[in-house]
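Peer 1: This is structure_20.tsv (TSV, C-alpha atoms).
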chain	number	residue	atom	x	y	z
A	984	MET	CA	-83.21	-1.46	72.19
A	985	SER	CA	-84.32	-0.84	68.59
A	986	PRO	CA	-84.43	-3.77	66.13
A	987	ALA	CA	-81.68	-2.19	64.02
A	988	LEU	CA	-79.39	-1.73	67.02
A	989	ASP	CA	-80.13	-5.26	68.19
A	990	ASP	CA	-79.16	-6.58	64.74
A	991	HIS	CA	-75.94	-4.58	64.85
A	992	MET	CA	-75.01	-5.98	68.27
A	993	THR	CA	-75.73	-9.52	67.10
A	994	LEU	CA	-73.59	-9.00	64.00
A	995	LEU	CA	-70.71	-7.58	66.04
A	996	LYS	CA	-70.87	-10.57	68.38
A	997	GLU	CA	-70.86	-13.07	65.50
A	998	ILE	CA	-67.94	-11.38	63.78
A	999	ALA	CA	-65.97	-11.12	67.04
A	1000	GLU	CA	-66.43	-14.85	67.69
A	1001	PHE	CA	-65.42	-15.70	64.12
A	1002	LEU	CA	-62.32	-13.49	64.19
A	1003	ASN	CA	-61.24	-14.99	67.50
A	1004	GLU	CA	-61.31	-18.52	66.03
A	1005	GLU	CA	-59.45	-17.87	62.76
A	1006	THR	CA	-55.67	-18.07	62.39
A	1007	GLU	CA	-55.23	-17.66	58.61
A	1008	MET	CA	-55.29	-14.06	57.37
A	1009	GLU	CA	-57.10	-14.38	54.04
A	1010	THR	CA	-59.61	-16.93	55.34
A	1011	MET	CA	-60.36	-14.67	58.29
A	1012	LEU	CA	-60.86	-11.54	56.18
A	1013	GLN	CA	-62.98	-13.30	53.58
A	1014	GLY	CA	-65.17	-14.88	56.25
A	1015	ALA	CA	-65.63	-11.65	58.19
A	1016	LEU	CA	-66.56	-9.82	55.00
A	1017	LYS	CA	-69.13	-12.47	54.13
A	1018	LYS	CA	-70.72	-12.28	57.59
A	1019	LEU	CA	-70.88	-8.49	57.37
A	1020	LEU	CA	-72.72	-8.59	54.04
A	1021	THR	CA	-75.06	-11.38	55.12
A	1022	ARG	CA	-76.33	-9.55	58.23
A	1023	SER	CA	-76.34	-5.91	57.06
A	1024	ILE	CA	-77.69	-3.65	54.32
A	1025	PHE	CA	-74.38	-3.79	52.46
A	1026	ALA	CA	-74.36	-5.94	49.32
A	1027	SER	CA	-70.73	-5.91	48.17
A	1028	GLY	CA	-67.44	-5.53	49.96
A	1029	TRP	CA	-63.70	-5.63	49.45
A	1030	ILE	CA	-60.57	-5.20	51.55
A	1031	PHE	CA	-57.33	-3.56	50.47
A	1032	PHE	CA	-54.04	-4.02	52.30
A	1033	ILE	CA	-51.82	-0.98	51.76
A	1034	ASP	CA	-48.07	-1.15	52.40
A	1035	ALA	CA	-45.66	1.50	53.65
A	1036	LYS	CA	-45.02	2.68	50.07
A	1037	GLY	CA	-48.74	3.24	49.45
A	1038	LYS	CA	-49.21	0.22	47.16
A	1039	HIS	CA	-52.52	-1.54	47.60
A	1040	GLN	CA	-53.36	-5.25	47.34
A	1041	LEU	CA	-56.84	-6.72	47.01
A	1042	ILE	CA	-56.82	-9.23	49.86
A	1043	ALA	CA	-60.53	-10.14	50.07
A	1044	ALA	CA	-63.71	-9.49	48.07
A	1045	GLU	CA	-67.30	-10.67	48.34
A	1046	ASN	CA	-70.24	-10.39	45.94
A	1047	LEU	CA	-68.63	-7.85	43.62
A	1048	PRO	CA	-70.67	-6.80	40.58
A	1049	PRO	CA	-69.65	-8.50	37.30
A	1050	ALA	CA	-67.97	-5.33	35.98
A	1051	LEU	CA	-65.56	-5.31	38.94
A	1052	MET	CA	-64.92	-9.07	38.78
A	1053	GLU	CA	-63.97	-9.06	35.11
A	1054	ASN	CA	-60.45	-10.30	34.26
A	1055	GLU	CA	-59.87	-11.59	37.81
A	1056	CYS	CA	-60.82	-8.24	39.39
A	1057	ARG	CA	-58.29	-6.38	37.26
A	1058	SER	CA	-59.88	-2.96	37.88
A	1059	MET	CA	-59.62	-3.57	41.64
A	1060	LYS	CA	-55.96	-4.53	41.53
A	1061	ARG	CA	-54.51	-1.88	39.23
A	1062	GLY	CA	-54.40	1.88	39.16
A	1063	GLY	CA	-55.24	4.39	41.86
A	1064	CYS	CA	-58.43	5.62	43.44
A	1065	TRP	CA	-59.62	8.36	45.76
A	1066	CYS	CA	-60.06	6.21	48.86
A	1067	VAL	CA	-56.51	4.80	48.64
A	1068	SER	CA	-55.13	8.29	47.94
A	1069	ARG	CA	-56.96	9.73	50.95
A	1070	TYR	CA	-55.72	6.85	53.09
A	1071	ASN	CA	-52.11	7.45	52.00
A	1072	ASN	CA	-52.46	11.19	52.66
A	1073	GLY	CA	-53.72	10.54	56.18
A	1074	GLU	CA	-57.16	11.99	55.42
A	1075	LEU	CA	-59.13	8.85	56.31
A	1076	GLN	CA	-59.46	8.53	60.07
A	1077	LYS	CA	-62.96	7.07	60.36
A	1078	ALA	CA	-65.77	5.56	58.29
A	1079	SER	CA	-66.64	7.86	55.40
A	1080	ASN	CA	-68.91	8.12	52.39
A	1081	ILE	CA	-66.96	8.14	49.13
A	1082	ILE	CA	-68.88	10.44	46.78
A	1083	GLU	CA	-67.54	8.76	43.65
A	1084	CYS	CA	-65.40	5.71	43.00
A	1085	GLN	CA	-62.82	5.78	40.23
A	1086	ARG	CA	-62.67	2.01	40.02
A	1087	ILE	CA	-66.43	1.67	39.59
A	1088	GLU	CA	-66.42	4.48	37.03
A	1089	GLN	CA	-63.57	2.95	35.02
A	1090	ALA	CA	-65.10	-0.53	35.16
A	1091	GLY	CA	-68.38	0.90	33.88
A	1092	LYS	CA	-66.63	2.55	30.93
A	1093	GLN	CA	-64.29	-0.32	30.03
A	1094	SER	CA	-66.58	-3.30	30.65
A	1095	THR	CA	-69.76	-4.41	28.95
A	1096	LEU	CA	-70.77	-6.28	32.10
A	1097	PRO	CA	-73.24	-4.72	34.56
A	1098	SER	CA	-72.20	-2.88	37.72
A	1099	ALA	CA	-75.40	-4.01	39.51
A	1100	GLY	CA	-76.44	-0.46	40.33
A	1101	ILE	CA	-73.34	0.22	42.45
A	1102	THR	CA	-71.97	3.72	41.92
A	1103	HIS	CA	-70.72	4.75	45.39
A	1104	HIS	CA	-69.25	3.07	48.44
A	1105	ALA	CA	-68.34	3.67	52.06
A	1106	THR	CA	-64.80	3.17	53.33
A	1107	VAL	CA	-63.15	2.75	56.73
A	1108	PRO	CA	-59.47	2.29	57.64
A	1109	LEU	CA	-58.35	-0.97	59.22
A	1110	GLN	CA	-55.98	-0.33	62.09
A	1111	SER	CA	-54.88	-1.39	65.54
A	1112	GLY	CA	-53.86	1.52	67.69
A	1113	LYS	CA	-51.74	3.74	65.45
A	1114	GLU	CA	-50.72	0.89	63.15
A	1115	LYS	CA	-52.66	0.93	59.89
A	1116	PHE	CA	-53.17	-2.04	57.57
A	1117	GLY	CA	-55.55	-0.94	54.81
A	1118	LEU	CA	-59.20	-0.28	53.97
A	1119	LEU	CA	-62.57	-1.97	54.28
A	1120	ASN	CA	-64.95	-0.86	51.53
A	1121	VAL	CA	-68.66	-1.70	51.23
A	1122	ALA	CA	-71.36	-0.79	48.74
A	1123	THR	CA	-75.10	-1.19	48.15
A	1124	PRO	CA	-76.93	-0.89	44.79
A	1125	HIS	CA	-78.56	2.48	44.12
A	1126	THR	CA	-77.17	3.93	47.36
A	1127	VAL	CA	-75.26	7.19	47.30
A	1128	GLU	CA	-74.84	7.85	51.02
A	1129	TYR	CA	-74.93	5.87	54.25
A	1130	ASP	CA	-76.29	7.22	57.53
A	1131	GLN	CA	-74.29	7.60	60.74
A	1132	SER	CA	-75.54	4.36	62.32
A	1133	GLU	CA	-74.33	2.37	59.33
A	1134	LEU	CA	-70.96	4.15	59.35
A	1135	ALA	CA	-70.69	3.56	63.12
A	1136	LEU	CA	-71.27	-0.16	62.52
A	1137	LEU	CA	-68.51	-0.15	59.93
A	1138	GLU	CA	-66.11	1.52	62.36
A	1139	SER	CA	-66.83	-1.07	65.05
A	1140	ILE	CA	-66.31	-3.97	62.66
A	1141	ALA	CA	-63.15	-2.37	61.25
A	1142	PHE	CA	-61.80	-2.07	64.80
A	1143	GLN	CA	-62.47	-5.77	65.38
A	1144	ILE	CA	-60.82	-6.76	62.10
A	1145	GLY	CA	-57.82	-4.48	62.74
A	1146	SER	CA	-57.25	-6.06	66.16
A	1147	ALA	CA	-57.49	-9.55	64.62
A	1148	ILE	CA	-54.98	-8.64	61.89
A	1149	LYS	CA	-52.54	-7.42	64.54
A	1150	ARG	CA	-53.02	-10.64	66.53
A	1151	ILE	CA	-52.21	-12.79	63.50
A	1152	TYR	CA	-49.14	-10.69	62.69
A	1153	LEU	CA	-47.89	-11.04	66.28
A	1154	THR	CA	-48.55	-14.78	66.28
A	1155	LYS	CA	-46.66	-15.19	63.01
A	1156	GLN	CA	-43.80	-13.11	64.38
A	1157	GLU	CA	-43.60	-15.32	67.47
A	1158	GLN	CA	-43.58	-18.43	65.28
A	1159	GLU	CA	-40.76	-17.03	63.15
A	1160	ILE	CA	-38.74	-16.18	66.27
A	1161	ALA	CA	-39.29	-19.70	67.62
A	1162	LEU	CA	-38.21	-21.15	64.26
A	1163	VAL	CA	-35.02	-19.08	64.23
A	1164	GLN	CA	-34.24	-20.14	67.80
A	1165	GLU	CA	-34.77	-23.80	66.89
A	1166	ARG	CA	-32.54	-23.42	63.82
A	1167	ASN	CA	-29.84	-21.85	65.97
A	1168	ARG	CA	-30.09	-24.67	68.51
A	1169	LEU	CA	-29.86	-27.31	65.79
A	1170	ALA	CA	-26.92	-25.49	64.17
A	1171	ARG	CA	-25.08	-25.40	67.51
A	1172	ASP	CA	-25.74	-29.11	68.10
A	1173	LEU	CA	-24.49	-30.03	64.63
A	1174	HIS	CA	-21.40	-27.88	65.06
A	1175	ASP	CA	-20.58	-29.22	68.51
A	1176	SER	CA	-21.19	-32.89	67.71
A	1177	VAL	CA	-21.26	-34.11	64.10
A	1178	ASN	CA	-19.01	-31.36	62.75
A	1179	GLN	CA	-16.34	-32.04	65.38
A	1180	LEU	CA	-16.53	-35.81	64.81
A	1181	LEU	CA	-16.03	-35.35	61.06
A	1182	PHE	CA	-13.09	-33.05	61.73
A	1183	SER	CA	-11.56	-35.70	64.01
A	1184	VAL	CA	-12.00	-38.38	61.34
A	1185	THR	CA	-10.29	-36.07	58.83
A	1186	LEU	CA	-7.26	-35.62	61.07
A	1187	THR	CA	-7.12	-39.32	61.97
A	1188	SER	CA	-7.30	-40.50	58.36
A	1189	ARG	CA	-4.61	-38.05	57.30
A	1190	GLY	CA	-2.35	-39.17	60.14
A	1191	ALA	CA	-2.92	-42.85	59.35
A	1192	MET	CA	-2.23	-42.20	55.68
A	1193	GLU	CA	1.18	-40.73	56.55
A	1194	MET	CA	2.07	-43.51	59.00
A	1195	THR	CA	1.49	-46.55	56.77
A	1196	GLU	CA	3.70	-47.73	53.93
A	1197	ASP	CA	1.14	-50.17	52.57
A	1198	HIS	CA	-0.16	-48.83	49.25
A	1199	ASP	CA	-3.66	-50.27	49.58
A	1200	LEU	CA	-4.06	-48.96	53.13
A	1201	LYS	CA	-2.72	-45.58	52.11
A	1202	GLN	CA	-5.27	-45.42	49.28
A	1203	ALA	CA	-8.09	-46.48	51.62
A	1204	PHE	CA	-7.15	-43.81	54.17
A	1205	SER	CA	-6.89	-41.28	51.33
A	1206	ASP	CA	-10.43	-42.14	50.20
A	1207	ILE	CA	-11.70	-41.83	53.77
A	1208	HIS	CA	-9.95	-38.47	54.11
A	1209	GLN	CA	-11.45	-37.15	50.87
A	1210	LEU	CA	-14.98	-38.35	51.65
A	1211	THR	CA	-14.78	-36.90	55.15
A	1212	GLN	CA	-13.61	-33.56	53.77
A	1213	GLU	CA	-16.60	-33.50	51.44
A	1214	ALA	CA	-18.94	-34.43	54.29
A	1215	LEU	CA	-17.39	-31.69	56.43
A	1216	THR	CA	-18.01	-29.13	53.69
A	1217	GLU	CA	-21.61	-30.33	53.36
A	1218	MET	CA	-22.08	-30.09	57.13
A	1219	ARG	CA	-20.70	-26.54	57.25
A	1220	ALA	CA	-23.02	-25.58	54.39
A	1221	LEU	CA	-25.96	-27.04	56.30
A	1222	ILE	CA	-25.00	-25.10	59.43
A	1223	TRP	CA	-24.81	-21.90	57.37
A	1224	GLN	CA	-28.28	-22.57	55.97
A	1225	LEU	CA	-29.71	-23.17	59.41
A	1226	ARG	CA	-28.11	-20.08	60.87
A	1227	PRO	CA	-27.33	-17.38	58.25
A	1228	LYS	CA	-24.79	-15.58	60.41
A	1229	GLY	CA	-23.37	-13.93	57.28
A	1230	LEU	CA	-26.34	-11.53	57.19
A	1231	GLU	CA	-25.01	-9.80	60.29
A	1232	THR	CA	-22.42	-8.10	58.06
A	1233	GLY	CA	-24.81	-7.47	55.17
A	1234	LEU	CA	-26.37	-9.48	52.36
A	1235	LEU	CA	-23.47	-9.24	49.91
A	1236	GLU	CA	-20.82	-10.10	52.50
A	1237	GLY	CA	-22.92	-13.02	53.68
A	1238	ILE	CA	-23.17	-14.43	50.14
A	1239	LYS	CA	-19.43	-13.90	49.57
A	1240	GLY	CA	-18.64	-15.68	52.83
A	1241	TYR	CA	-20.83	-18.63	51.89
A	1242	ALA	CA	-19.22	-18.88	48.44
A	1243	GLU	CA	-15.76	-18.79	50.00
A	1244	MET	CA	-16.72	-21.56	52.41
A	1245	LEU	CA	-17.77	-23.71	49.42
A	1246	GLY	CA	-14.53	-22.91	47.61
A	1247	ILE	CA	-16.28	-20.89	44.89
A	1248	SER	CA	-14.65	-17.80	43.41
A	1249	LEU	CA	-17.51	-15.29	43.25
A	1250	LYS	CA	-17.33	-11.96	41.43
A	1251	THR	CA	-20.02	-9.47	42.43
A	1252	GLN	CA	-21.52	-6.38	40.85
A	1253	VAL	CA	-24.11	-4.22	42.62
A	1254	SER	CA	-26.16	-1.35	41.23
A	1255	GLY	CA	-28.32	0.75	43.53
A	1256	VAL	CA	-28.01	1.10	47.29
A	1257	ILE	CA	-30.95	0.72	49.64
A	1258	GLN	CA	-31.75	-0.98	52.94
A	1259	LEU	CA	-33.83	-4.01	52.01
A	1260	PRO	CA	-36.55	-5.42	54.27
A	1261	SER	CA	-35.18	-8.32	56.33
A	1262	ARG	CA	-37.64	-10.76	54.73
A	1263	ILE	CA	-36.42	-9.96	51.20
A	1264	GLU	CA	-32.79	-9.93	52.32
A	1265	GLU	CA	-33.06	-13.42	53.80
A	1266	THR	CA	-34.95	-14.65	50.72
A	1267	LEU	CA	-32.11	-13.49	48.45
A	1268	PHE	CA	-29.53	-15.01	50.79
A	1269	ARG	CA	-31.30	-18.39	50.79
A	1270	ILE	CA	-31.64	-18.32	46.98
A	1271	ALA	CA	-27.93	-17.51	46.68
A	1272	GLN	CA	-27.11	-20.42	49.00
A	1273	GLU	CA	-29.08	-22.90	46.89
A	1274	GLY	CA	-27.67	-21.49	43.67
A	1275	LEU	CA	-24.08	-21.72	44.92
A	1276	ASN	CA	-24.71	-25.27	46.18
A	1277	ASN	CA	-25.90	-26.25	42.69
A	1278	ILE	CA	-22.82	-24.68	41.10
A	1279	ARG	CA	-20.49	-26.61	43.39
A	1280	LYS	CA	-22.29	-29.92	42.90
A	1281	HIS	CA	-23.36	-29.83	39.25
A	1282	ALA	CA	-21.73	-27.05	37.19
A	1283	GLY	CA	-18.24	-28.53	36.89
A	1284	THR	CA	-16.74	-25.14	37.73
A	1285	LEU	CA	-15.97	-23.13	40.85
A	1286	ASP	CA	-16.22	-19.72	39.17
A	1287	ALA	CA	-19.41	-17.66	39.40
A	1288	GLU	CA	-20.73	-14.13	39.05
A	1289	LEU	CA	-23.45	-12.34	40.99
A	1290	PHE	CA	-25.31	-9.26	39.73
A	1291	LEU	CA	-27.65	-7.40	42.08
A	1292	THR	CA	-29.62	-4.42	40.78
A	1293	ILE	CA	-31.97	-2.46	43.03
A	1294	THR	CA	-34.39	0.00	41.44
A	1295	SER	CA	-37.31	1.96	42.88
A	1296	THR	CA	-39.72	-0.82	41.89
A	1297	ASP	CA	-37.75	-4.09	41.53
A	1298	ILE	CA	-34.83	-6.09	42.79
A	1299	LEU	CA	-32.99	-8.02	40.06
A	1300	PHE	CA	-30.76	-10.88	41.18
A	1301	ILE	CA	-28.66	-12.85	38.69
A	1302	LEU	CA	-26.30	-15.72	39.57
A	1303	LYS	CA	-24.21	-17.02	36.65
A	1304	ASP	CA	-21.67	-19.76	36.14
A	1305	THR	CA	-19.63	-20.85	33.13
A	1306	GLY	CA	-20.07	-24.56	33.74
A	1307	ARG	CA	-21.53	-27.44	31.78
A	1308	GLY	CA	-25.08	-26.07	31.59
A	1309	PHE	CA	-28.06	-28.02	30.26
A	1310	VAL	CA	-30.60	-27.94	27.43
A	1311	ALA	CA	-33.12	-25.13	27.97
A	1312	GLY	CA	-36.43	-26.45	29.26
A	1313	LYS	CA	-34.91	-29.83	30.18
A	1314	ILE	CA	-33.56	-29.50	33.69
A	1315	PRO	CA	-31.53	-32.61	34.58
A	1316	GLU	CA	-32.85	-34.86	37.34
A	1317	SER	CA	-29.74	-34.08	39.39
A	1318	LEU	CA	-30.71	-30.40	39.33
A	1319	ALA	CA	-34.50	-30.73	39.62
A	1320	SER	CA	-34.11	-31.09	43.35
A	1321	VAL	CA	-35.73	-30.02	46.57
A	1322	GLY	CA	-33.28	-27.10	46.46
A	1323	MET	CA	-34.71	-25.73	43.22
A	1324	GLN	CA	-38.23	-26.26	44.49
A	1325	SER	CA	-37.28	-24.36	47.64
A	1326	MET	CA	-35.94	-21.48	45.53
A	1327	GLN	CA	-39.23	-21.29	43.61
A	1328	GLU	CA	-41.28	-21.34	46.81
A	1329	ARG	CA	-39.17	-18.62	48.43
A	1330	VAL	CA	-39.49	-16.33	45.40
A	1331	LYS	CA	-43.23	-16.96	45.17
A	1332	ALA	CA	-43.62	-16.07	48.87
A	1333	VAL	CA	-42.40	-12.52	48.12
A	1334	GLU	CA	-44.44	-12.32	44.88
A	1335	GLY	CA	-41.36	-12.56	42.68
A	1336	THR	CA	-40.38	-14.64	39.65
A	1337	ILE	CA	-37.45	-16.98	39.02
A	1338	GLU	CA	-36.10	-18.38	35.76
A	1339	TRP	CA	-33.23	-20.70	34.84
A	1340	ILE	CA	-31.47	-19.84	31.57
A	1341	SER	CA	-28.94	-22.36	30.29
A	1342	SER	CA	-27.43	-24.14	27.32
A	1343	PRO	CA	-24.90	-27.00	27.12
A	1344	ALA	CA	-21.27	-25.99	27.76
A	1345	LYS	CA	-22.30	-22.34	28.21
A	1346	GLY	CA	-23.22	-22.29	31.86
A	1347	THR	CA	-26.39	-21.51	33.75
A	1348	GLU	CA	-28.01	-18.26	34.83
A	1349	VAL	CA	-30.52	-17.94	37.65
A	1350	PHE	CA	-32.64	-14.82	37.07
A	1351	VAL	CA	-34.77	-13.55	39.95
A	1352	ARG	CA	-37.04	-10.50	39.97
A	1353	ILE	CA	-38.74	-9.35	43.18
A	1354	PRO	CA	-41.12	-6.35	43.27
A	1355	TYR	CA	-40.13	-3.80	45.87
Is it possible to give me this structure as structure tokens?

Peer 2:
Amino acid sequence: MSPALDDHMTLLKEIAEFLNEETEMETMLQGALKKLLTRSIFASGWIFFIDAKGKHQLIAAENLPPALMENECRSMKRGGCWCVSRYNNGELQKASNIIECQRIEQAGKQSTLPSAGITHHATVPLQSGKEKFGLLNVATPHTVEYDQSELALLESIAFQIGSAIKRIYLTKQEQEIALVQERNRLARDLHDSVNQLLFSVTLTSRGAMEMTEDHDLKQAFSDIHQLTQEALTEMRALIWQLRPKGLETGLLEGIKGYAEMLGISLKTQVSGVIQLPSRIEETLFRIAQEGLNNIRKHAGTLDAELFLTITSTDILFILKDTGRGFVAGKIPESLASVGMQSMQERVKAVEGTIEWISSPAKGTEVFVRIPY
């Protein structure tokens, strides 16, 4: 066995062991890229994930030249390039030499920082079976073309990485299924036990209130009845949040059903029709739930409006009320809750933005934008 081949086999073994141990996507990709560069002729590397619409995302990068790292790798994150175009057109099936790189060219023209002698790169698709995830790109200073043994090494490593990506996706999917099943179980338990007990207390207090003539007792039973009704509404809201059954009939109908359950009169206006990915659909549903909960608890009104606009690039979601509002930039402690934090986290998870617009006595508007 030649020294070069022996080095390649050792590298493949090290990367395989590393990939097998990792469970976090970005940590795994960054670590695998670093190992590849440490034990091979390649000096720089980066990984793009490319979605079904052909949009790329820089998911990992190692030892990029200063020109490509400028402005938080702006040239790597924006615009198009030949390797991504070839990938989207189905022209990249194996490791290939890219004669020229638009990103490197543009960075060289727009930046005063050095490109470290990198003008060309090699690229290989990341896939598992027929499922494609993106591209692995590597480069070496003052190198225009890579020989077949180097490209073969890239293909082998790309195969390993693609299989590891698929494994992590499947593991995450299994975890999400398990979470949904646990939510459903908890929702059933709450419905069958606590919910029924609260309903029984409601009926009992109402009956006792009608049976007694004593004013103080009647008032006490009335208070119990009212508090139990409120607790029952809270419990039903919690069950809805655990098990969003409303989504079975569509996002809008689910939100309307939840608003009706809370006693909120919700007017809706939708622009654009498209089947949204389930992840985005559930995110919007959860945000609507939290927003409607806040209206019921804090707005001092039970009237609200929902505007949903779907374009080719963005989803705009606006939930408005005409309630008491608050001073812009000074969210009351009663509102600055776990619910609002949850809304921010959910929007961030799908790379969106959320903003609260409000003023005293003029209501509050929740403005959400999610790239699509």

Peer 1: What's the 12 Å shell around A:Thr1006, counting only C-alpha atoms, without same-chain residues fewer than 6 positions away, as a VMD selection string?

Peer 2: chain A and resid 1012 1014 1147 to 1155

Peer 1: Give one line per residue of stretch 1175-1253 of chain A that approaches stretch 1258-1280 of chain A to at most 7 Å, naming the two atoms of the closest pair and their distance in Å to one decimal, counting only C-alpha atoms; sort by chain then ascending residue number and deliver it as CSV.

Peer 2:
residue,atom,partner,partner_atom,distance
A:Leu1234,CA,A:Glu1264,CA,6.4
A:Ile1238,CA,A:Phe1268,CA,6.4
A:Ala1242,CA,A:Leu1275,CA,6.6

Peer 1: Would you write out those residues with C-alpha atoms, as a compact mmCIF listing (two decimals), in the coordinates of the input?

Peer 2:
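What ended up in again_1.txt:
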# COMPACT_ATOMS: atom_id res chain seq x y z
CA LEU A 1234 -26.37 -9.48 52.36
CA ILE A 1238 -23.17 -14.43 50.14
CA ALA A 1242 -19.22 -18.88 48.44

Peer 1: List the spatial neighbours of A:Thr1123 as a PDB file with C-alpha atoms, in the frame of the given file - criterion: any atom at most 7 Å away, only C-alpha atoms, same-chain residues fewer than 3 positions off excluded.

Peer 2:
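Printed below is selection.pdb as written:
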ATOM      1  CA  PHE A1025     -74.380  -3.790  52.460  1.00  0.00           C
ATOM      2  CA  ALA A1026     -74.360  -5.940  49.320  1.00  0.00           C
ATOM      3  CA  SER A1027     -70.730  -5.910  48.170  1.00  0.00           C
ATOM      4  CA  ILE A1101     -73.340   0.220  42.450  1.00  0.00           C
ATOM      5  CA  THR A1126     -77.170   3.930  47.360  1.00  0.00           C
TER       6      THR A1126
END

Peer 1: Neighbours of stretch 1046-1058 of chain A within 12 Å (all atoms listed in the file; same-chain residues fewer than 5 positions away dropped), as a PDB file with C-alpha atoms, in the coordinates of the input?

Peer 2:
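Written out: around31.pdb:
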ATOM      1  CA  GLN A1013     -62.980 -13.300  53.580  1.00  0.00           C
ATOM      2  CA  LEU A1016     -66.560  -9.820  55.000  1.00  0.00           C
ATOM      3  CA  LYS A1017     -69.130 -12.470  54.130  1.00  0.00           C
ATOM      4  CA  LYS A1018     -70.720 -12.280  57.590  1.00  0.00           C
ATOM      5  CA  LEU A1019     -70.880  -8.490  57.370  1.00  0.00           C
ATOM      6  CA  LEU A1020     -72.720  -8.590  54.040  1.00  0.00           C
ATOM      7  CA  THR A1021     -75.060 -11.380  55.120  1.00  0.00           C
ATOM      8  CA  PHE A1025     -74.380  -3.790  52.460  1.00  0.00           C
ATOM      9  CA  ALA A1026     -74.360  -5.940  49.320  1.00  0.00           C
ATOM     10  CA  SER A1027     -70.730  -5.910  48.170  1.00  0.00           C
ATOM     11  CA  GLY A1028     -67.440  -5.530  49.960  1.00  0.00           C
ATOM     12  CA  TRP A1029     -63.700  -5.630  49.450  1.00  0.00           C
ATOM     13  CA  ILE A1030     -60.570  -5.200  51.550  1.00  0.00           C
ATOM     14  CA  GLN A1040     -53.360  -5.250  47.340  1.00  0.00           C
ATOM     15  CA  LEU A1041     -56.840  -6.720  47.010  1.00  0.00           C
ATOM     16  CA  GLY A1063     -55.240   4.390  41.860  1.00  0.00           C
ATOM     17  CA  CYS A1064     -58.430   5.620  43.440  1.00  0.00           C
ATOM     18  CA  CYS A1084     -65.400   5.710  43.000  1.00  0.00           C
ATOM     19  CA  GLN A1085     -62.820   5.780  40.230  1.00  0.00           C
ATOM     20  CA  ARG A1086     -62.670   2.010  40.020  1.00  0.00           C
ATOM     21  CA  ILE A1087     -66.430   1.670  39.590  1.00  0.00           C
ATOM     22  CA  GLU A1088     -66.420   4.480  37.030  1.00  0.00           C
ATOM     23  CA  GLN A1089     -63.570   2.950  35.020  1.00  0.00           C
ATOM     24  CA  ALA A1090     -65.100  -0.530  35.160  1.00  0.00           C
ATOM     25  CA  GLY A1091     -68.380   0.900  33.880  1.00  0.00           C
ATOM     26  CA  LYS A1092     -66.630   2.550  30.930  1.00  0.00           C
ATOM     27  CA  GLN A1093     -64.290  -0.320  30.030  1.00  0.00           C
ATOM     28  CA  SER A1094     -66.580  -3.300  30.650  1.00  0.00           C
ATOM     29  CA  THR A1095     -69.760  -4.410  28.950  1.00  0.00           C
ATOM     30  CA  LEU A1096     -70.770  -6.280  32.100  1.00  0.00           C
ATOM     31  CA  PRO A1097     -73.240  -4.720  34.560  1.00  0.00           C
ATOM     32  CA  SER A1098     -72.200  -2.880  37.720  1.00  0.00           C
ATOM     33  CA  ALA A1099     -75.400  -4.010  39.510  1.00  0.00           C
ATOM     34  CA  GLY A1100     -76.440  -0.460  40.330  1.00  0.00           C
ATOM     35  CA  ILE A1101     -73.340   0.220  42.450  1.00  0.00           C
ATOM     36  CA  THR A1102     -71.970   3.720  41.920  1.00  0.00           C
ATOM     37  CA  HIS A1104     -69.250   3.070  48.440  1.00  0.00           C
ATOM     38  CA  ASN A1120     -64.950  -0.860  51.530  1.00  0.00           C
ATOM     39  CA  VAL A1121     -68.660  -1.700  51.230  1.00  0.00           C
ATOM     40  CA  ALA A1122     -71.360  -0.790  48.740  1.00  0.00           C
ATOM     41  CA  THR A1123     -75.100  -1.190  48.150  1.00  0.00           C
ATOM     42  CA  PRO A1124     -76.930  -0.890  44.790  1.00  0.00           C
TER      43      PRO A1124
END

Peer 1: What lies within 10 Å of A:Val1177 using only C-alpha atoms, ignoring chain neighbours under 5 positions off, as a list in words?

Peer 2: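 Once the adjacent positions are removed, what remains is Asp1172, Phe1182, Ser1183, Leu1215 and Met1218 of chain A.
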
Peer 1: Could you jot down the atom CA of A:Met1008 to atom CA of A:Ser1111 separation for me, Å, one decimal place?

Peer 2: 15.1 Å
